[in-house]
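Report on the following structure.
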Amino acid sequence: LTELDMSRWQRRDAIGALASGHARLREINLARCTGSVNDAHILSITRHSPLLEKVDFSHNELVTDEGLFSLASNCHRLRAVHLNCCFRITDVGLSSLLMATQRKAGSSIGGIGNGTACSQLTELGLKRLVDIDKALNVLLYASEDTDPGIPHIQKVNAKSLSNVPADTWTQLLAPSLLTVLELKLGETAVDFAAIVEQGLAGDSEGVCNLKVLDLSWNDEVDEDSVCQVVERSPQLETLKLRACETLGTRAVIAAALSCLNLKKINVARCNHVSDAAVVALAQHCSRLRDVNVAWSDCGVAGAAALLGMCRELTHLSISGCKTITQEGIEAAVVSHPALRWVDASWVNAISESAARAFVAQRKASAPNVSLEVVDYYNESAR
């Protein structure tokens, strides 16, 4: 056995027996286990599985620094570490674990021999860890002979990791800006302009490999920097800019013209996203499945374009878009082949009766395709 997925496992008493003793195990996922994985489970697993490369213990509130000490002591091949929402973890435990990801060039994995230390991390999930501010310095100062950064990193989830200084993020992420696949930095103290300036320095044509970019709730993010990255990211599939008050129409237009594979976009509560920008998004990004343009200037034209041109669309939020009318979108909502959910809360024209009319017509025309519509008062009609 080399891979084991027990995420959302419901029998906590069986975790140790089932997950332990696999000498060739390389990947294990124990995220969101009912009752929580604890440090004893981690010790039991890691002492028999020294080849582990990828671990996910996210959303287990009983995991503490002791569990990370076990990982650091027993597993020297770690590349991917996901500890999202493990709220009891502190700098002490995470520092120990990150030290275990350091490799010596020219030595065997986990060896101590001579050479230059660098991190082999490819994935790092630290979402909402409240007692972390200095541990990431381990990755900056592992060796005086190497440049700071995480050279092989592909996925970073640091949402709400608010205590880490912006300069630390700049030094860690700028070197891999062109190669990283996922950056989830919502509600994080990052200086995105500095990351972009250093990451793209001297490279006027380099293409970014980004598939996911989340800068939500960063209310001072620089629009020029966001546009630079978006325009160089043709593989981008998810773009989340919710409540970035310095961003607006320009960022949406950049995504529309450059990210033709976009599947999910959230620009709710950005600064004046125009109806024309939403129309452009629909015209160029026909594979969109989830769109949130809440409290924007999206009107009937933008909503109708999304519904008419994006035939894979399943979720649409037009909450607070005051100029949208029932007559302007009713036929498109009812006839859409994939649409499952529409949030029209705070849209004056979408009353309870209007929402119920949408659902009733869908049931009559396509009874096997469910539809939920949230009306002005935030009540759901199904």
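Every chain in the structure tokens has a letter given in the order shown (A, B, ...), and although residue numbers restart at 1 in each chain, ligands are simply numbered from 1 in the order shown.
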
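Residues surrounding Ser258 in chain A within 12 Å are Val207, Cys208, Cys227, Gln228, Val229, Val230, Glu231, Arg232, Ser233, Pro234, Gln235, Leu236, Glu237, Ala251, Val252, Ile253, Ala254, Ala255, Asn261, Leu262, Ala280, Leu281, His284 and Cys285 of chain A [only C-alpha atoms; sequence separation below 3 positions excluded].
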
(message) I'd like the contact shell of Gly206 in chain A - 10 Å cut-off, only C-alpha atoms, skipping same-chain residues fewer than 2 positions apart - returned as a list of chain:residue names.
(response) A:Leu178, A:Thr179, A:Leu200, A:Gly202, A:Asp203, A:Ser204, A:Cys208, A:Asn209, A:Arg232, A:Ser233

Output file for the residues above (all heavy atoms, as a CSV table (one decimal), in the first residue's frame):
chain,number,residue,atom,x,y,z
A,178,LEU,N,6.7,32.1,-11.3
A,178,LEU,CA,6.4,31.7,-12.6
A,178,LEU,C,6.0,30.2,-12.7
A,178,LEU,O,5.4,29.7,-13.6
A,178,LEU,CB,7.6,31.9,-13.6
A,178,LEU,CG,7.9,33.3,-13.9
A,178,LEU,CD1,9.2,33.4,-14.7
A,178,LEU,CD2,6.7,33.9,-14.8
A,179,THR,N,6.4,29.4,-11.6
A,179,THR,CA,6.2,28.0,-11.6
A,179,THR,C,5.1,27.5,-10.7
A,179,THR,O,4.6,26.3,-10.9
A,179,THR,CB,7.5,27.3,-11.3
A,179,THR,OG1,8.0,27.7,-10.0
A,179,THR,CG2,8.6,27.6,-12.4
A,200,LEU,N,9.0,38.6,-11.3
A,200,LEU,CA,9.1,38.8,-12.8
A,200,LEU,C,10.3,39.7,-13.2
A,200,LEU,O,10.4,40.1,-14.4
A,200,LEU,CB,7.8,39.5,-13.3
A,200,LEU,CG,6.5,38.7,-13.0
A,200,LEU,CD1,5.3,39.4,-13.6
A,200,LEU,CD2,6.6,37.3,-13.5
A,202,GLY,N,13.3,41.2,-14.7
A,202,GLY,CA,14.1,40.8,-15.8
A,202,GLY,C,13.5,39.8,-16.8
A,202,GLY,O,14.2,39.4,-17.7
A,203,ASP,N,12.3,39.5,-16.6
A,203,ASP,CA,11.6,38.5,-17.5
A,203,ASP,C,10.3,39.1,-18.0
A,203,ASP,O,9.3,39.2,-17.4
A,203,ASP,CB,11.2,37.2,-16.7
A,203,ASP,CG,10.8,36.1,-17.6
A,203,ASP,OD1,10.3,36.4,-18.7
A,203,ASP,OD2,10.9,34.9,-17.2
A,204,SER,N,10.4,39.7,-19.2
A,204,SER,CA,9.3,40.4,-19.8
A,204,SER,C,8.3,39.5,-20.5
A,204,SER,O,7.2,39.9,-20.9
A,204,SER,CB,9.8,41.5,-20.7
A,204,SER,OG,10.6,40.8,-21.8
A,208,CYS,N,3.3,32.4,-16.5
A,208,CYS,CA,3.0,31.8,-15.2
A,208,CYS,C,2.2,30.5,-15.4
A,208,CYS,O,1.3,30.4,-16.2
A,208,CYS,CB,2.2,32.8,-14.3
A,208,CYS,SG,3.1,34.3,-13.9
A,209,ASN,N,2.5,29.5,-14.5
A,209,ASN,CA,1.7,28.3,-14.5
A,209,ASN,C,0.5,28.3,-13.6
A,209,ASN,O,-0.1,27.2,-13.5
A,209,ASN,CB,2.7,27.1,-14.1
A,209,ASN,CG,3.8,26.8,-15.1
A,209,ASN,OD1,3.6,27.1,-16.3
A,209,ASN,ND2,4.9,26.3,-14.7
A,232,ARG,N,-0.4,36.9,-17.7
A,232,ARG,CA,0.6,35.9,-18.0
A,232,ARG,C,0.2,34.4,-17.6
A,232,ARG,O,1.0,33.5,-17.6
A,232,ARG,CB,1.9,36.2,-17.3
A,232,ARG,CG,2.6,37.5,-17.8
A,232,ARG,CD,3.9,37.6,-17.0
A,232,ARG,NE,4.6,38.8,-17.3
A,232,ARG,CZ,5.9,38.9,-17.4
A,232,ARG,NH1,6.7,37.9,-17.2
A,232,ARG,NH2,6.5,40.1,-17.7
A,233,SER,N,-1.1,34.3,-17.2
A,233,SER,CA,-1.5,33.0,-16.7
A,233,SER,C,-2.6,32.4,-17.5
A,233,SER,O,-3.8,32.3,-17.1
A,233,SER,CB,-2.0,33.2,-15.2
A,233,SER,OG,-1.0,33.8,-14.4

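The residue that comes closest to Arg8 in chain A, out of A:Leu371, A:Leu25, A:Leu30, A:Val359 and on the basis of only C-alpha atoms, is A:Leu30.
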
Worksheet item: Can you list, as number ranges by chain, every protein, DNA or RNA residue that comes within 6 Å of range 180-184 of chain A when you count only C-alpha atoms, leaving out same-chain residues fewer than 3 positions away?
Response: A: 154-159, 176-177, 209-214

Using only C-alpha atoms, tabulate the residues of range 30-61 of chain A lying at most 9 Å from any atom of range 81-90 of chain A, each with its closest atom pair and that distance in Å to one decimal, by chain and increasing residue number, as JSON lines.
{"residue": "A:Ala31", "atom": "CA", "partner": "A:Leu83", "partner_atom": "CA", "distance": 8.7}
{"residue": "A:Glu53", "atom": "CA", "partner": "A:Val81", "partner_atom": "CA", "distance": 8.4}
{"residue": "A:Lys54", "atom": "CA", "partner": "A:Val81", "partner_atom": "CA", "distance": 6.0}
{"residue": "A:Val55", "atom": "CA", "partner": "A:Val81", "partner_atom": "CA", "distance": 5.3}
{"residue": "A:Asp56", "atom": "CA", "partner": "A:His82", "partner_atom": "CA", "distance": 4.5}
{"residue": "A:Phe57", "atom": "CA", "partner": "A:Leu83", "partner_atom": "CA", "distance": 5.4}
{"residue": "A:Ser58", "atom": "CA", "partner": "A:Leu83", "partner_atom": "CA", "distance": 4.5}
{"residue": "A:His59", "atom": "CA", "partner": "A:Cys85", "partner_atom": "CA", "distance": 5.0}
{"residue": "A:Asn60", "atom": "CA", "partner": "A:Cys86", "partner_atom": "CA", "distance": 5.6}
{"residue": "A:Glu61", "atom": "CA", "partner": "A:Cys86", "partner_atom": "CA", "distance": 5.2}

Of A:Ser44, A:Ser96, A:Leu1, A:Leu51, the one sitting nearest Phe69 in chain A when using only C-alpha atoms is A:Ser96

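Those residues of range 290-340 of chain A that DSSP, working from the backbone, places in helix (DSSP H, G or I) are Val300, Ala301, Gly302, Ala303, Ala304, Ala305, Leu306, Leu307, Gly308, Met309, Gln326, Glu327, Gly328, Ile329, Glu330, Ala331, Ala332, Val333, Val334 and Ser335 of chain A.
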
Which residues are near range 288-300 of chain A? Cut-off 8 Å, only C-alpha atoms, ignore same chain within fewer than 2 positions. Put them as a PyMOL selection string. chain A and resi 261-276+278+282+285-286+302-304+310+312-325+328-329

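Nearest to Trp346 in chain A of all the residues A:Glu330, A:Tyr376, A:Ala366, A:Trp217 is A:Tyr376, counting only C-alpha atoms.
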
Separating CA of Val190 in chain A from CA of Asp91 in chain A, to the nearest tenth of an Å, is a gap of 19.1 Å

re CA of Val130 in chain A and CA of Asp65 in chain A: distance 13.4 Å
